[in-house]
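A short write-up of the structure that comes next.
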Amino acid sequence: YFSLKDSNACISAAMFGWGNRKKKSFDLKAGLQILCHGKVTVYPPRGSYQLTVDHIEPLGAGAFQVAFEQLKAKRERLQGVNKIRMGGSIASASLIKALQKYVSPNILSVYGSTELGIVAAANVDDIKSIPRAVGKIAQGIEARVCDEDGNVLESEQDGLLQFRFTNGRRVTPYIGVQADANTLVNDWFSPGDIGSVHADGILCIEGRTVDVVNQ
């Protein structure tokens, strides 16, 4: 039993069985902003209205994020998560350390694109000593780095990243996006990222040439 309130109103609420739920992802506590779904019922002994809730989720943050923060506060580990796959940006060392401690020690860093799929991947522990590393070039993918004039650069030199399939398969541009001379050159596809490739295949990302938003 709990109360839902804002600056103007308050209503009693009940969600039966919440405390016994084995798979609940976060704990209810005073002050937590939530989104509830349920139905309005009448509590007969007092003749008052209440909201009988059948679903709750945090408002403004995902349930996993709230659960993660609560676990950090309790110094407990989230059960049932065997592996975390991270992509989209490079995670900070402090975030990785916290995730390994409270969620799962197995974290996979992944770099890819809609056009190519997974381009590089590696366990974060295997690449943590290499600045800006996002993974090792995946099987079936070939990578190269070029300067502004299209000249191929040597290992560990920063430049425009380009990728292609090793089996001769052609890269298909994202639906609705027109490929041009800057994105597709002789089957080499450029996602617009600046970086380098080490001799052992480790891919490092330093930035972007342009900002791209697919609508």
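Here, A, B, ... name the chains of the structure tokens in the order displayed, residue numbers run from 1 inside each chain, and ligands are numbered from 1 in the same displayed order.
Omitting Pro191 (chain A) and its sequence neighbours fewer than 4 positions away, and counting only C-alpha atoms, the residues within 10 Å are Gly112, Ser113, Thr114, Glu115, Leu116, Leu160, Leu161, Gln162, Phe163, Asn182, Thr183, Leu184, Arg208, Thr209, Val210 and Val212 of chain A.
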Query raised in the report: Any idea what's packed within 7 Å of Glu142 (chain A), counting only C-alpha atoms, ignoring anything in its chain fewer than 4 positions away? Could you give it as a list of chain:residue names?
Result: A:Phe163, A:Arg164, A:Phe165, A:Thr166
Kindly export the residues of the current selection with N, CA, C and O atoms, as a PDB file, in the first residue's frame.
```pdb
ATOM      1  N   PHE A 163      35.443   0.427 -44.080  1.00  0.00           N
ATOM      2  CA  PHE A 163      35.279  -1.007 -43.877  1.00  0.00           C
ATOM      3  C   PHE A 163      34.620  -1.649 -45.091  1.00  0.00           C
ATOM      4  O   PHE A 163      33.901  -0.998 -45.845  1.00  0.00           O
ATOM      5  N   ARG A 164      34.867  -2.944 -45.256  1.00  0.00           N
ATOM      6  CA  ARG A 164      34.176  -3.708 -46.286  1.00  0.00           C
ATOM      7  C   ARG A 164      34.146  -5.178 -45.872  1.00  0.00           C
ATOM      8  O   ARG A 164      34.893  -5.610 -45.001  1.00  0.00           O
ATOM      9  N   PHE A 165      33.251  -5.927 -46.527  1.00  0.00           N
ATOM     10  CA  PHE A 165      33.157  -7.356 -46.265  1.00  0.00           C
ATOM     11  C   PHE A 165      34.289  -8.081 -47.000  1.00  0.00           C
ATOM     12  O   PHE A 165      34.623  -7.744 -48.133  1.00  0.00           O
ATOM     13  N   THR A 166      34.861  -9.095 -46.375  1.00  0.00           N
ATOM     14  CA  THR A 166      35.968  -9.818 -46.995  1.00  0.00           C
ATOM     15  C   THR A 166      35.496 -10.830 -48.033  1.00  0.00           C
ATOM     16  O   THR A 166      36.294 -11.308 -48.841  1.00  0.00           O
TER      17      THR A 166
END
```
**Report entry** Pick from A:Val110, A:Leu32, A:Val119, A:Ala91 nearest to Gln139 (chain A), counting only C-alpha atoms
**Finding:**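 Closest residue, counting only C-alpha atoms: A:Val119.
Using only C-alpha atoms, the contacts of region 196-203 of chain A at a cut-off of 10 Å, with sequence neighbours closer than 5 positions omitted, comprise Tyr111, Val119, Ala120, Ala121, Ala122, Ile127, Ile130, Arg132, Ala133, Val134, Gly135, Lys136, Ile137, Ala138, Glu142, Ala143, Arg144, Val145, Cys146, Leu153, Glu154, Ser155, Glu156, Gln157, Asp158, Gly159, Leu160 and Leu161 of chain A.
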Query raised in the report: Could you pull the residues within 7 Å of Gln50 (chain A), counting only C-alpha atoms, minus those fewer than 5 positions along the same chain, as a PyMOL selection string?
Result: chain A and resi 11-13+40-43
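Within region 83-141 of chain A, DSSP run on the backbone puts these residues in helix (DSSP H, G or I): A:Ala93, A:Ser94, A:Leu95, A:Ile96, A:Lys97, A:Ala98, A:Leu99, A:Gln100, A:Lys101, A:Tyr102, A:Val124, A:Asp125, A:Asp126, A:Ile127.
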Distance query Asp54 (chain A) at most 9 Å, only C-alpha atoms, self and fewer than 2 positions along chain excluded, as a compact mmCIF listing (two decimals) with N, CA, C and O atoms, in the first residue's frame:
```
# COMPACT_ATOMS: atom_id res chain seq x y z
N ALA A 14 -2.66 0.63 -4.24
CA ALA A 14 -2.26 -0.68 -3.76
C ALA A 14 -1.80 -1.52 -4.94
O ALA A 14 -2.37 -1.45 -6.03
N MET A 15 -0.73 -2.27 -4.73
CA MET A 15 -0.28 -3.24 -5.72
C MET A 15 -0.01 -4.53 -4.97
O MET A 15 0.99 -4.66 -4.26
N PHE A 16 -0.88 -5.49 -5.14
CA PHE A 16 -0.81 -6.71 -4.35
C PHE A 16 0.27 -7.65 -4.87
O PHE A 16 0.39 -7.88 -6.08
N CYS A 36 2.26 4.59 -13.25
CA CYS A 36 1.45 3.45 -12.84
C CYS A 36 0.32 3.18 -13.83
O CYS A 36 -0.21 4.11 -14.45
N HIS A 37 -0.04 1.91 -13.93
CA HIS A 37 -1.22 1.52 -14.70
C HIS A 37 -2.10 0.66 -13.80
O HIS A 37 -1.60 -0.19 -13.06
N GLY A 38 -3.38 0.90 -13.82
CA GLY A 38 -4.29 0.13 -12.99
C GLY A 38 -5.72 0.59 -13.17
O GLY A 38 -6.05 1.22 -14.19
N LYS A 39 -6.55 0.32 -12.18
CA LYS A 39 -7.95 0.73 -12.25
C LYS A 39 -8.39 1.32 -10.91
O LYS A 39 -7.87 0.95 -9.85
N THR A 52 -5.91 0.55 -7.81
CA THR A 52 -5.34 -0.79 -7.75
C THR A 52 -4.40 -0.96 -8.93
O THR A 52 -4.83 -1.00 -10.08
N ILE A 56 4.05 -0.96 -12.63
CA ILE A 56 4.78 0.22 -12.19
C ILE A 56 6.12 0.27 -12.91
O ILE A 56 6.79 -0.75 -13.07
```
Requested in this report: Write down as a PyMOL selection string the residues belonging to region 44-173 of chain A that are assigned strand (DSSP E) by DSSP computed on the backbone.
Outcome: chain A and resi 48-58+84-86+107-113+117-123+133-137+141-146+159-165
Serialized selection, N, CA and C atoms, as a tab-separated table (two decimals), in the first residue's frame:
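As written to disk, part.tsv reads:
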```
chain	number	residue	atom	x	y	z
A	48	SER	N	-13.76	4.83	0.36
A	48	SER	CA	-12.86	5.75	-0.34
A	48	SER	C	-12.32	5.11	-1.62
A	49	TYR	N	-11.95	5.97	-2.55
A	49	TYR	CA	-11.38	5.50	-3.81
A	49	TYR	C	-9.88	5.20	-3.64
A	50	GLN	N	-9.41	4.22	-4.39
A	50	GLN	CA	-7.98	3.93	-4.44
A	50	GLN	C	-7.64	3.41	-5.83
A	51	LEU	N	-6.39	3.47	-6.18
A	51	LEU	CA	-5.93	2.95	-7.45
A	51	LEU	C	-5.30	1.58	-7.22
A	52	THR	N	-5.91	0.55	-7.81
A	52	THR	CA	-5.34	-0.79	-7.75
A	52	THR	C	-4.40	-0.96	-8.93
A	53	VAL	N	-3.11	-1.03	-8.65
A	53	VAL	CA	-2.06	-0.96	-9.67
A	53	VAL	C	-1.66	-2.35	-10.13
A	54	ASP	N	-1.51	-2.51	-11.46
A	54	ASP	CA	-1.02	-3.79	-11.98
A	54	ASP	C	0.34	-3.65	-12.68
A	55	HIS	N	0.82	-2.40	-12.84
A	55	HIS	CA	2.14	-2.21	-13.46
A	55	HIS	C	2.75	-0.91	-12.95
A	56	ILE	N	4.05	-0.96	-12.63
A	56	ILE	CA	4.78	0.22	-12.19
A	56	ILE	C	6.12	0.27	-12.91
A	57	GLU	N	6.48	1.46	-13.35
A	57	GLU	CA	7.83	1.65	-13.90
A	57	GLU	C	8.32	3.04	-13.50
A	58	PRO	N	9.63	3.20	-13.37
A	58	PRO	CA	10.17	4.52	-13.00
A	58	PRO	C	9.92	5.55	-14.09
A	84	ILE	N	26.96	-8.27	-20.38
A	84	ILE	CA	26.49	-6.95	-20.82
A	84	ILE	C	27.16	-6.63	-22.15
A	85	ARG	N	26.38	-6.18	-23.11
A	85	ARG	CA	26.92	-5.75	-24.39
A	85	ARG	C	26.76	-4.24	-24.50
A	86	MET	N	27.87	-3.53	-24.69
A	86	MET	CA	27.86	-2.07	-24.72
A	86	MET	C	28.27	-1.56	-26.10
A	107	ILE	N	31.67	-7.98	-19.70
A	107	ILE	CA	31.18	-6.85	-20.49
A	107	ILE	C	31.84	-6.88	-21.86
A	108	LEU	N	31.03	-6.89	-22.89
A	108	LEU	CA	31.52	-6.92	-24.26
A	108	LEU	C	31.34	-5.55	-24.90
A	109	SER	N	32.44	-4.97	-25.37
A	109	SER	CA	32.38	-3.71	-26.10
A	109	SER	C	32.15	-4.01	-27.57
A	110	VAL	N	31.17	-3.35	-28.17
A	110	VAL	CA	30.80	-3.62	-29.57
A	110	VAL	C	30.75	-2.33	-30.36
A	111	TYR	N	31.32	-2.36	-31.57
A	111	TYR	CA	31.24	-1.23	-32.50
A	111	TYR	C	30.66	-1.77	-33.80
A	112	GLY	N	29.69	-1.05	-34.37
A	112	GLY	CA	29.09	-1.50	-35.61
A	112	GLY	C	28.26	-0.44	-36.27
A	113	SER	N	27.56	-0.83	-37.32
A	113	SER	CA	26.69	0.09	-38.05
A	113	SER	C	25.54	-0.70	-38.65
A	117	GLY	N	26.63	-4.26	-39.73
A	117	GLY	CA	26.44	-5.11	-38.58
A	117	GLY	C	27.58	-4.88	-37.59
A	118	ILE	N	28.00	-5.93	-36.89
A	118	ILE	CA	29.11	-5.81	-35.94
A	118	ILE	C	30.43	-5.72	-36.69
A	119	VAL	N	31.16	-4.64	-36.46
A	119	VAL	CA	32.45	-4.41	-37.11
A	119	VAL	C	33.60	-4.83	-36.20
A	120	ALA	N	33.47	-4.55	-34.91
A	120	ALA	CA	34.53	-4.90	-33.95
A	120	ALA	C	33.91	-5.21	-32.61
A	121	ALA	N	34.54	-6.10	-31.86
A	121	ALA	CA	34.04	-6.46	-30.53
A	121	ALA	C	35.18	-7.04	-29.71
A	122	ALA	N	35.09	-6.87	-28.40
A	122	ALA	CA	36.09	-7.43	-27.50
A	122	ALA	C	35.60	-7.31	-26.06
A	123	ASN	N	36.08	-8.18	-25.21
A	123	ASN	CA	35.83	-8.05	-23.79
A	123	ASN	C	36.56	-6.80	-23.30
A	133	ALA	N	39.89	2.38	-27.36
A	133	ALA	CA	39.64	1.12	-28.06
A	133	ALA	C	38.19	0.69	-27.88
A	134	VAL	N	37.59	0.17	-28.96
A	134	VAL	CA	36.19	-0.27	-28.91
A	134	VAL	C	36.04	-1.75	-29.23
A	135	GLY	N	37.11	-2.40	-29.69
A	135	GLY	CA	37.01	-3.82	-29.99
A	135	GLY	C	38.04	-4.25	-31.02
A	136	LYS	N	38.00	-5.53	-31.37
A	136	LYS	CA	38.88	-6.08	-32.38
A	136	LYS	C	38.07	-6.35	-33.63
A	137	ILE	N	38.64	-6.03	-34.79
A	137	ILE	CA	37.92	-6.19	-36.05
A	137	ILE	C	37.35	-7.60	-36.16
A	141	ILE	N	35.21	-8.94	-41.74
A	141	ILE	CA	35.30	-7.50	-41.96
A	141	ILE	C	36.75	-7.10	-42.19
A	142	GLU	N	36.99	-6.25	-43.17
A	142	GLU	CA	38.32	-5.69	-43.43
A	142	GLU	C	38.27	-4.19	-43.16
A	143	ALA	N	39.30	-3.66	-42.54
A	143	ALA	CA	39.32	-2.25	-42.18
A	143	ALA	C	40.57	-1.57	-42.73
A	144	ARG	N	40.41	-0.28	-43.04
A	144	ARG	CA	41.56	0.53	-43.42
A	144	ARG	C	41.31	1.96	-42.98
A	145	VAL	N	42.39	2.76	-42.93
A	145	VAL	CA	42.30	4.16	-42.51
A	145	VAL	C	42.92	5.02	-43.60
A	146	CYS	N	42.21	6.08	-44.01
A	146	CYS	CA	42.67	6.94	-45.11
A	146	CYS	C	42.78	8.39	-44.65
A	159	GLY	N	42.78	8.56	-38.97
A	159	GLY	CA	42.25	9.03	-40.23
A	159	GLY	C	40.81	8.58	-40.38
A	160	LEU	N	40.29	8.66	-41.60
A	160	LEU	CA	38.91	8.28	-41.87
A	160	LEU	C	38.81	6.76	-41.95
A	161	LEU	N	37.97	6.19	-41.11
A	161	LEU	CA	37.81	4.74	-41.08
A	161	LEU	C	36.93	4.26	-42.23
A	162	GLN	N	37.36	3.17	-42.87
A	162	GLN	CA	36.59	2.56	-43.95
A	162	GLN	C	36.58	1.05	-43.74
A	163	PHE	N	35.44	0.43	-44.08
A	163	PHE	CA	35.28	-1.01	-43.88
A	163	PHE	C	34.62	-1.65	-45.09
A	164	ARG	N	34.87	-2.94	-45.26
A	164	ARG	CA	34.18	-3.71	-46.29
A	164	ARG	C	34.15	-5.18	-45.87
A	165	PHE	N	33.25	-5.93	-46.53
A	165	PHE	CA	33.16	-7.36	-46.27
A	165	PHE	C	34.29	-8.08	-47.00
```
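Here CA of Ser104 (chain A) stands at a distance of 6.0 Å from CA of Asn82 (chain A).
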Query - Nearest candidate to Ile96 (chain A) (options A:Thr172, A:Val81, A:Glu69, A:Lys128; using only C-alpha atoms) - result: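 Closest to Ile96 (chain A), using only C-alpha atoms: A:Lys128.
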Requested in this report: Could you check how far CA of Lys83 (chain A) sits from CA of Ser129 (chain A), in Å to one decimal?
Outcome: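 Taking CA of Lys83 (chain A) and CA of Ser129 (chain A), their separation equals 20.7 Å.
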